[in-house]
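> Contents of entry-v8.pdb (PDB, C-alpha atoms and all ligand atoms) are given next:
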```
ATOM      1  CA  MET A1359      -8.736   1.659   7.664
ATOM      2  CA  ARG A1360     -11.311   4.408   7.557
ATOM      3  CA  LEU A1361     -14.113   3.797   5.072
ATOM      4  CA  LEU A1362     -14.044   6.371   2.356
ATOM      5  CA  ARG A1363     -16.371   7.129  -0.509
ATOM      6  CA  SER A1364     -14.471   5.230  -3.182
ATOM      7  CA  PRO A1365     -13.073   1.992  -1.810
ATOM      8  CA  PHE A1366     -10.685   1.283  -4.660
ATOM      9  CA  SER A1367      -8.531   3.270  -6.949
ATOM     10  CA  ALA A1368      -5.633   2.415  -9.154
ATOM     11  CA  ASP A1369      -4.290   5.828  -9.951
ATOM     12  CA  VAL A1370      -5.094   9.452 -10.238
ATOM     13  CA  LEU A1371      -4.574  11.693 -13.177
ATOM     14  CA  SER A1372      -4.436  15.230 -11.899
ATOM     15  CA  LEU A1373      -5.574  17.413 -14.737
ATOM     16  CA  LEU A1374      -4.883  20.674 -13.014
ATOM     17  CA  PHE A1375      -4.997  23.457 -15.603
ATOM     18  CA  LEU A1376      -5.303  20.847 -18.363
ATOM     19  CA  ALA A1377      -8.560  20.993 -20.259
ATOM     20  CA  ILE A1378      -8.862  17.745 -22.143
ATOM     21  CA  ALA A1379     -12.304  16.561 -23.128
ATOM     22  CA  THR A1380     -11.193  13.484 -25.037
ATOM     23  CA  ASN A1381      -8.155  11.248 -25.175
ATOM     24  CA  THR A1382      -6.317  13.835 -27.198
ATOM     25  CA  PRO A1383      -2.713  14.385 -26.244
ATOM     26  CA  CYS A1384      -1.985  17.926 -25.135
ATOM     27  CA  MET A1385      -0.161  20.088 -27.608
ATOM     28  CA  ALA A1386       3.176  20.267 -25.810
ATOM     29  CA  GLN A1387       5.836  17.754 -26.752
ATOM     30  CA  HIS A1388       7.136  15.819 -23.788
ATOM     31  CA  SER A1389      10.640  14.646 -23.062
ATOM     32  CA  ARG A1390      11.794  11.102 -23.811
ATOM     33  CA  VAL A1391      14.277  11.321 -20.967
ATOM     34  CA  VAL A1392      12.837   9.665 -17.875
ATOM     35  CA  TYR A1393      14.488  10.340 -14.566
ATOM     36  CA  LEU A1394      13.682   7.587 -12.049
ATOM     37  CA  VAL A1395      13.833   8.922  -8.517
ATOM     38  CA  PRO A1396      13.677   6.588  -5.538
ATOM     39  CA  VAL A1397      11.696   8.266  -2.771
ATOM     40  CA  GLY A1398      12.715   6.741   0.526
ATOM     41  CA  LYS A1399      14.432   3.351   0.478
ATOM     42  CA  VAL A1400      13.892   1.483  -2.787
ATOM     43  CA  GLU A1401      15.821  -1.610  -3.886
ATOM     44  CA  LYS A1402      18.467  -0.610  -6.449
ATOM     45  CA  GLY A1403      18.142  -3.858  -8.441
ATOM     46  CA  LEU A1404      14.448  -3.264  -8.927
ATOM     47  CA  LEU A1405      15.061   0.275 -10.184
ATOM     48  CA  LYS A1406      17.720  -0.939 -12.601
ATOM     49  CA  GLU A1407      15.366  -3.575 -13.974
ATOM     50  CA  LEU A1408      12.573  -1.013 -14.292
ATOM     51  CA  ALA A1409      14.861   1.430 -16.110
ATOM     52  CA  GLN A1410      15.910  -1.309 -18.544
ATOM     53  CA  SER A1411      12.287  -2.335 -19.170
ATOM     54  CA  LEU A1412      11.319   1.272 -19.901
ATOM     55  CA  ARG A1413      14.244   1.602 -22.331
ATOM     56  CA  ASP A1414      13.301  -1.642 -24.085
ATOM     57  CA  LYS A1415       9.551  -1.120 -24.191
ATOM     58  CA  LEU A1416       9.276   2.630 -24.718
ATOM     59  CA  GLY A1417      12.610   3.592 -26.229
ATOM     60  CA  VAL A1418      13.121   6.207 -23.530
ATOM     61  CA  ALA A1419      16.420   7.237 -21.999
ATOM     62  CA  ALA A1420      15.853   6.141 -18.419
ATOM     63  CA  GLU A1421      18.273   7.274 -15.746
ATOM     64  CA  ILE A1422      18.271   6.503 -12.035
ATOM     65  CA  GLY A1423      18.616   9.471  -9.725
ATOM     66  CA  GLU A1424      19.873   9.737  -6.170
ATOM     67  CA  PRO A1425      17.408   8.660  -3.475
ATOM     68  CA  VAL A1426      15.321  11.478  -2.098
ATOM     69  CA  GLU A1427      13.886  11.586   1.406
ATOM     70  CA  ILE A1428      10.124  11.423   1.499
ATOM     71  CA  SER A1429       8.459  14.673   2.505
ATOM     72  CA  LYS A1430       7.282  14.528   6.113
ATOM     73  CA  ALA A1431       4.582  17.042   5.242
ATOM     74  CA  ALA A1432       3.018  14.443   2.951
ATOM     75  CA  PHE A1433       2.407  11.973   5.802
ATOM     76  CA  ASP A1434      -1.108  11.604   7.175
ATOM     77  CA  GLN A1435      -0.931  10.154  10.654
ATOM     78  CA  GLY A1436      -4.617   9.190  10.831
ATOM     79  CA  ARG A1437      -4.381   7.137   7.652
ATOM     80  CA  ASN A1438      -0.753   6.017   8.050
ATOM     81  CA  GLN A1439      -0.284   6.846   4.361
ATOM     82  CA  TYR A1440       1.414   9.531   2.279
ATOM     83  CA  ASN A1441      -0.479  12.045   0.155
ATOM     84  CA  SER A1442       0.872  11.363  -3.355
ATOM     85  CA  THR A1443       0.268  14.882  -4.675
ATOM     86  CA  ARG A1444       2.245  16.352  -1.780
ATOM     87  CA  VAL A1445       5.073  13.861  -2.304
ATOM     88  CA  LEU A1446       5.295  14.932  -5.949
ATOM     89  CA  GLN A1447       5.177  18.612  -5.050
ATOM     90  CA  GLY A1448       8.080  18.039  -2.646
ATOM     91  CA  LEU A1449      10.147  16.649  -5.529
ATOM     92  CA  GLU A1450       9.722  19.609  -7.851
ATOM     93  CA  THR A1451      12.969  21.232  -6.798
ATOM     94  CA  THR A1452      15.109  18.077  -6.857
ATOM     95  CA  ARG A1453      14.813  17.395 -10.581
ATOM     96  CA  PRO A1454      18.073  18.173 -12.408
ATOM     97  CA  ARG A1455      17.944  19.948 -15.737
ATOM     98  CA  ILE A1456      19.456  18.187 -18.730
ATOM     99  CA  GLY A1457      20.742  18.859 -22.220
ATOM    100  CA  ARG A1458      22.709  21.728 -23.682
ATOM    101  CA  GLY A1459      22.852  24.593 -21.246
ATOM    102  CA  ARG A1460      20.879  22.327 -18.902
ATOM    103  CA  VAL A1461      17.590  24.017 -19.644
ATOM    104  CA  THR A1462      15.358  21.022 -20.277
ATOM    105  CA  LEU A1463      13.520  19.294 -17.480
ATOM    106  CA  PRO A1464      13.404  15.516 -17.862
ATOM    107  CA  LEU A1465      10.276  13.627 -17.077
ATOM    108  CA  LEU A1466      10.333  12.605 -13.431
ATOM    109  CA  LEU A1467       9.019   9.213 -12.350
ATOM    110  CA  ALA A1468       9.193   8.791  -8.588
ATOM    111  CA  VAL A1469       9.199   5.278  -7.164
ATOM    112  CA  THR A1470       8.395   4.625  -3.526
ATOM    113  CA  GLU A1471       7.654   1.765  -1.155
ATOM    114  CA  VAL A1472       5.270   3.793   1.011
ATOM    115  CA  ASP A1473       1.501   3.517   0.689
ATOM    116  CA  LEU A1474      -0.014   6.461  -1.178
ATOM    117  CA  PHE A1475      -3.426   8.115  -1.118
ATOM    118  CA  VAL A1476      -5.303  11.113  -2.396
ATOM    119  CA  PRO A1477      -8.185  12.628  -0.417
ATOM    120  CA  ASN A1478     -11.476  10.714  -0.866
ATOM    121  CA  LEU A1479      -9.752   7.542  -2.061
ATOM    122  CA  ASN A1480      -8.526   4.687   0.095
ATOM    123  CA  PHE A1481      -5.252   4.415  -1.788
ATOM    124  CA  VAL A1482      -3.610   4.964  -5.159
ATOM    125  CA  PHE A1483      -1.039   2.832  -6.970
ATOM    126  CA  GLY A1484       0.199   6.024  -8.569
ATOM    127  CA  GLU A1485      -0.499   9.574  -9.644
ATOM    128  CA  ALA A1486       0.448  11.642 -12.662
ATOM    129  CA  LEU A1487       0.828  15.408 -12.878
ATOM    130  CA  PRO A1488       1.045  15.932 -16.672
ATOM    131  CA  THR A1489       1.328  19.701 -16.397
ATOM    132  CA  LYS A1490       4.558  19.224 -14.448
ATOM    133  CA  ASP A1491       5.881  16.178 -16.340
ATOM    134  CA  MET A1492       5.875  14.232 -13.090
ATOM    135  CA  ALA A1493       4.424  10.962 -11.858
ATOM    136  CA  ILE A1494       4.796   8.617  -8.917
ATOM    137  CA  ILE A1495       4.173   4.928  -8.382
ATOM    138  CA  SER A1496       4.039   2.984  -5.125
ATOM    139  CA  LEU A1497       5.306  -0.582  -4.876
ATOM    140  CA  CYS A1498       3.549  -1.126  -1.548
ATOM    141  CA  ARG A1499       0.312  -2.666  -2.892
ATOM    142  CA  LEU A1500       2.013  -4.301  -5.875
ATOM    143  CA  ARG A1501       3.754  -6.703  -3.514
ATOM    144  CA  GLN A1502       2.082 -10.035  -2.786
ATOM    145  CA  GLU A1503       3.290  -9.693   0.822
ATOM    146  CA  PHE A1504       0.868  -6.795   1.285
ATOM    147  CA  TYR A1505      -1.973  -9.325   0.907
ATOM    148  CA  GLY A1506      -0.380 -11.909   3.214
ATOM    149  CA  LYS A1507       0.928 -14.005   0.312
ATOM    150  CA  PRO A1508       4.504 -15.188  -0.383
ATOM    151  CA  ALA A1509       6.732 -12.690  -2.195
ATOM    152  CA  ASP A1510       6.789 -13.002  -5.987
ATOM    153  CA  THR A1511       9.533 -10.883  -7.570
ATOM    154  CA  THR A1512       8.506 -11.700 -11.153
ATOM    155  CA  LEU A1513       4.914 -10.603 -10.529
ATOM    156  CA  LEU A1514       6.106  -7.514  -8.651
ATOM    157  CA  MET A1515       8.281  -6.503 -11.611
ATOM    158  CA  GLU A1516       5.468  -7.069 -14.117
ATOM    159  CA  ARG A1517       3.085  -4.937 -12.066
ATOM    160  CA  THR A1518       5.715  -2.235 -11.527
ATOM    161  CA  VAL A1519       6.405  -1.946 -15.270
ATOM    162  CA  LYS A1520       2.665  -1.759 -16.047
ATOM    163  CA  GLU A1521       2.071   0.953 -13.458
ATOM    164  CA  ALA A1522       5.144   2.892 -14.596
ATOM    165  CA  VAL A1523       4.174   2.742 -18.288
ATOM    166  CA  HIS A1524       0.584   3.687 -17.395
ATOM    167  CA  GLU A1525       1.646   6.766 -15.409
ATOM    168  CA  LEU A1526       4.157   7.793 -18.072
ATOM    169  CA  GLY A1527       1.300   7.477 -20.573
ATOM    170  CA  HIS A1528      -0.664   9.996 -18.492
ATOM    171  CA  VAL A1529       2.312  12.327 -18.352
ATOM    172  CA  TRP A1530       2.543  12.077 -22.140
ATOM    173  CA  GLY A1531      -1.056  13.259 -22.359
ATOM    174  CA  MET A1532      -2.946   9.963 -22.523
ATOM    175  CA  ARG A1533      -6.179   9.379 -20.673
ATOM    176  CA  HIS A1534      -7.765   6.053 -19.781
ATOM    177  CA  CYS A1535      -8.496   3.688 -22.653
ATOM    178  CA  PRO A1536     -11.618   1.495 -22.830
ATOM    179  CA  ASP A1537      -9.614  -1.389 -24.320
ATOM    180  CA  PRO A1538      -8.828  -3.898 -21.496
ATOM    181  CA  HIS A1539      -5.854  -5.076 -23.610
ATOM    182  CA  CYS A1540      -4.177  -1.677 -23.356
ATOM    183  CA  VAL A1541      -1.869  -0.475 -20.595
ATOM    184  CA  MET A1542      -3.966   2.728 -20.377
ATOM    185  CA  PHE A1543      -7.022   0.713 -19.322
ATOM    186  CA  PHE A1544      -8.123   1.894 -15.881
ATOM    187  CA  SER A1545      -7.252  -0.713 -13.254
ATOM    188  CA  ASN A1546      -9.758  -0.595 -10.469
ATOM    189  CA  SER A1547      -7.925  -3.320  -8.602
ATOM    190  CA  LEU A1548      -4.807  -5.470  -8.823
ATOM    191  CA  PRO A1549      -6.509  -8.253 -10.870
ATOM    192  CA  ASP A1550      -7.259  -5.577 -13.529
ATOM    193  CA  THR A1551      -3.565  -4.680 -13.570
ATOM    194  CA  ASP A1552      -2.577  -8.353 -13.809
ATOM    195  CA  ARG A1553      -4.917  -8.916 -16.762
ATOM    196  CA  LYS A1554      -3.744  -6.013 -18.907
ATOM    197  CA  PRO A1555      -0.459  -5.940 -20.848
ATOM    198  CA  ASP A1556       2.347  -3.416 -20.390
ATOM    199  CA  THR A1557       1.890  -2.093 -23.934
ATOM    200  CA  PHE A1558      -0.330   0.513 -25.593
ATOM    201  CA  CYS A1559      -3.136  -0.488 -27.961
ATOM    202  CA  LYS A1560      -2.838   0.576 -31.601
ATOM    203  CA  ARG A1561      -4.959   3.679 -31.103
ATOM    204  CA  CYS A1562      -3.090   4.875 -27.999
ATOM    205  CA  ASN A1563       0.223   4.136 -29.662
ATOM    206  CA  GLY A1564      -0.751   6.391 -32.564
ATOM    207  CA  LEU A1565      -1.767   9.214 -30.225
ATOM    208  CA  LEU A1566       1.443   8.794 -28.270
ATOM    209  CA  LYS A1567       3.682   9.169 -31.322
ATOM    210  CA  ASP A1568       2.305  12.672 -31.934
ATOM    211  CA  ASN A1569       3.035  13.724 -28.412
ATOM    212  CA  VAL A1570       6.528  12.554 -27.537
ATOM    213  CA  GLN A1571       9.818  13.900 -28.823
ATOM    214  CA  GLU A1572      11.675  11.531 -31.125
TER     215      GLU A1572
HETATM  216 ZN    ZN B1601      -4.617   6.052 -14.958
HETATM  217 ZN    ZN B1602      -5.415   2.136 -25.581
END
```
Kindly return the structure encoded in the file as structure tokens.
Ligand SMILES: [Zn+2]
Ligand SMILES: [Zn+2]


Amino acid sequence: MRLLRSPFSADVLSLLFLAIATNTPCMAQHSRVVYLVPVGKVEKGLLKELAQSLRDKLGVAAEIGEPVEISKAAFDQGRNQYNSTRVLQGLETTRPRIGRGRVTLPLLLAVTEVDLFVPNLNFVFGEALPTKDMAIISLCRLRQEFYGKPADTTLLMERTVKEAVHELGHVWGMRHCPDPHCVMFFSNSLPDTDRKPDTFCKRCNGLLKDNVQE
């Protein structure tokens, strides 16, 4: 792999048009309906388990959408990876509207097996676009097999839930938290992810309550 400026990265919070100086949730209230969209081939059982975990842990209404083909335009041949921002942009039109008169856009959480990157970073576990209520996570580097180790479905699920909750936190207006015992703590590597819980610290939880529709 090409050596890039920042060798590691857990995720990217794209704050396009979002001026936040502190960890203050943005003013808009975000949906509690999370639409899980498999991008490319993703194991159905894993998605079901993720949806259930998100319902249990966050009290969201999580639904699983139809699989969507990954955007070919997002593929970078030189890196053999997909540009996560482009993948998300490709999904903008596939999100169904919900509610009365079908005017509300649910929060979209894309899940993919392909390896993701953003320019200047070797890889990302995920990316959030809060201004569009969209996020994506990749399972590729959450799998033990990626590191030449035997598969571990329990560990994979734990990591997937943490990454999903973390990215949803970003979509709900949260930034990184300095508390290593908070899911919003910035994971620079997989051991950081494994150390942190899948829950918000007291402070982040308080901020979150102001920002999400009941
Ligand atoms: Zn993050
Ligand atoms: Zn926190």

> How far is it from CA of Leu1404 (chain A) to CA of Asp1537 (chain A), in Å with one decimal?

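Between these atoms lies a distance of 28.6 Å.
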
> Tell me which residues the PyMOL selection byres (((chain A and resi 1424-1432) around 6) and not hetatm) grabs here, as a PyMOL selection string.

chain A and resi 1396-1398+1423+1433+1440-1441+1444-1445

> Write a file of the just-selected residues containing C-alpha atoms, as a PDB file, keeping the file's coordinate frame.


```pdb
ATOM      1  CA  PRO A1396      13.677   6.588  -5.538  1.00  0.00           C
ATOM      2  CA  VAL A1397      11.696   8.266  -2.771  1.00  0.00           C
ATOM      3  CA  GLY A1398      12.715   6.741   0.526  1.00  0.00           C
ATOM      4  CA  GLY A1423      18.616   9.471  -9.725  1.00  0.00           C
ATOM      5  CA  PHE A1433       2.407  11.973   5.802  1.00  0.00           C
ATOM      6  CA  TYR A1440       1.414   9.531   2.279  1.00  0.00           C
ATOM      7  CA  ASN A1441      -0.479  12.045   0.155  1.00  0.00           C
ATOM      8  CA  ARG A1444       2.245  16.352  -1.780  1.00  0.00           C
ATOM      9  CA  VAL A1445       5.073  13.861  -2.304  1.00  0.00           C
TER      10      VAL A1445
END
```

> Could you write out as a ChimeraX atom specification the residues that the PyMOL selection byres (((not hetatm)) within 6 of (chain B and resi 1602)) matches in the shown file?

/A:1535,1537,1540,1542,1558-1559,1561-1562

> May I have the residues within 12 Å of Glu1503 (chain A) as a PyMOL selection string, using all atoms listed in the file and disregarding those fewer than 6 positions away in the same chain?

chain A and resi 1497+1509-1511+1513-1514

> Convert the current residue selection to file output with C-alpha atoms, as a CSV table (one decimal), keeping the file's coordinate frame.


```
chain,number,residue,atom,x,y,z
A,1497,LEU,CA,5.3,-0.6,-4.9
A,1509,ALA,CA,6.7,-12.7,-2.2
A,1510,ASP,CA,6.8,-13.0,-6.0
A,1511,THR,CA,9.5,-10.9,-7.6
A,1513,LEU,CA,4.9,-10.6,-10.5
A,1514,LEU,CA,6.1,-7.5,-8.7
```

> Kindly give the distance, in Å, that separates CA of Lys1399 (chain A) and CA of Asp1556 (chain A), rounded to a single decimal.

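Calculated distance between CA of Lys1399 (chain A) and CA of Asp1556 (chain A) is 25.0 Å.
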
> Counting all atoms listed in the file, which of A:Val1519, A:Leu1565, A:Pro1508, A:Val1529 gets nearest to Lys1406 (chain A)?

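Going through A:Val1519, A:Leu1565, A:Pro1508, A:Val1529 one by one, the smallest distance to Lys1406 (chain A) is for A:Val1519.
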
> Quick one: residues within 10 Å of Asn1438 (chain A), only C-alpha atoms counted, chain neighbours fewer than 2 positions away excluded, as a PDB file with C-alpha atoms, keeping the file's coordinate frame?


```pdb
ATOM      1  CA  MET A1359      -8.736   1.659   7.664  1.00  0.00           C
ATOM      2  CA  PHE A1433       2.407  11.973   5.802  1.00  0.00           C
ATOM      3  CA  ASP A1434      -1.108  11.604   7.175  1.00  0.00           C
ATOM      4  CA  GLN A1435      -0.931  10.154  10.654  1.00  0.00           C
ATOM      5  CA  GLY A1436      -4.617   9.190  10.831  1.00  0.00           C
ATOM      6  CA  TYR A1440       1.414   9.531   2.279  1.00  0.00           C
ATOM      7  CA  ASN A1441      -0.479  12.045   0.155  1.00  0.00           C
ATOM      8  CA  VAL A1472       5.270   3.793   1.011  1.00  0.00           C
ATOM      9  CA  ASP A1473       1.501   3.517   0.689  1.00  0.00           C
ATOM     10  CA  LEU A1474      -0.014   6.461  -1.178  1.00  0.00           C
ATOM     11  CA  PHE A1475      -3.426   8.115  -1.118  1.00  0.00           C
TER      12      PHE A1475
END
```

> Please tabulate, as JSON lines, the residues of chain A that come within 7 Å of ligand ZN 1601 (chain B), each with its closest pair of atoms and the distance in Å to one decimal, counting only C-alpha atoms and all ligand atoms and ordering rows by chain, then residue number upward.


```
{"residue": "A:Ala1368", "atom": "CA", "partner": "B:ZN1601", "partner_atom": "ZN", "distance": 6.9}
{"residue": "A:Asp1369", "atom": "CA", "partner": "B:ZN1601", "partner_atom": "ZN", "distance": 5.0}
{"residue": "A:Val1370", "atom": "CA", "partner": "B:ZN1601", "partner_atom": "ZN", "distance": 5.8}
{"residue": "A:Leu1371", "atom": "CA", "partner": "B:ZN1601", "partner_atom": "ZN", "distance": 5.9}
{"residue": "A:His1524", "atom": "CA", "partner": "B:ZN1601", "partner_atom": "ZN", "distance": 6.2}
{"residue": "A:Glu1525", "atom": "CA", "partner": "B:ZN1601", "partner_atom": "ZN", "distance": 6.3}
{"residue": "A:His1528", "atom": "CA", "partner": "B:ZN1601", "partner_atom": "ZN", "distance": 6.6}
{"residue": "A:Arg1533", "atom": "CA", "partner": "B:ZN1601", "partner_atom": "ZN", "distance": 6.8}
{"residue": "A:His1534", "atom": "CA", "partner": "B:ZN1601", "partner_atom": "ZN", "distance": 5.8}
{"residue": "A:Met1542", "atom": "CA", "partner": "B:ZN1601", "partner_atom": "ZN", "distance": 6.4}
{"residue": "A:Phe1544", "atom": "CA", "partner": "B:ZN1601", "partner_atom": "ZN", "distance": 5.5}
```

> My list of candidates is A:Ser1411, A:Pro1488, A:Arg1499, A:Met1532. Which is closest to Leu1446 (chain A) when distances are computed with only C-alpha atoms?

A:Pro1488

> To one decimal place, how far is CA of Glu1421 (chain A) from CA of Gly1564 (chain A) in Å?

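Interatomic distance, CA of Glu1421 (chain A) to CA of Gly1564 (chain A): 25.4 Å.
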
> Counting all atoms listed in the file, which of A:His1539, A:Gln1502, A:Thr1518, A:Arg1437 gets nearest to Asn1478 (chain A)?

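Counting all atoms listed in the file, the residue closest to Asn1478 (chain A) is A:Arg1437.
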
> Point out the residue among A:Ser1442, A:Asn1546, A:Thr1452, A:Thr1512 with the least atom-to-atom distance to Gly1484 (chain A), counting all atoms listed in the file.

A:Ser1442

> Please identify all polymer residues within 9 Å of Arg1390 (chain A), counting only C-alpha atoms, omitting same-chain residues fewer than 3 positions from it, and present them as a list in words.

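So the residues in contact are Leu1416, Gly1417, Val1418, Ala1419, Ala1420, Pro1464, Leu1465, Val1570, Gln1571 and Glu1572 of chain A.
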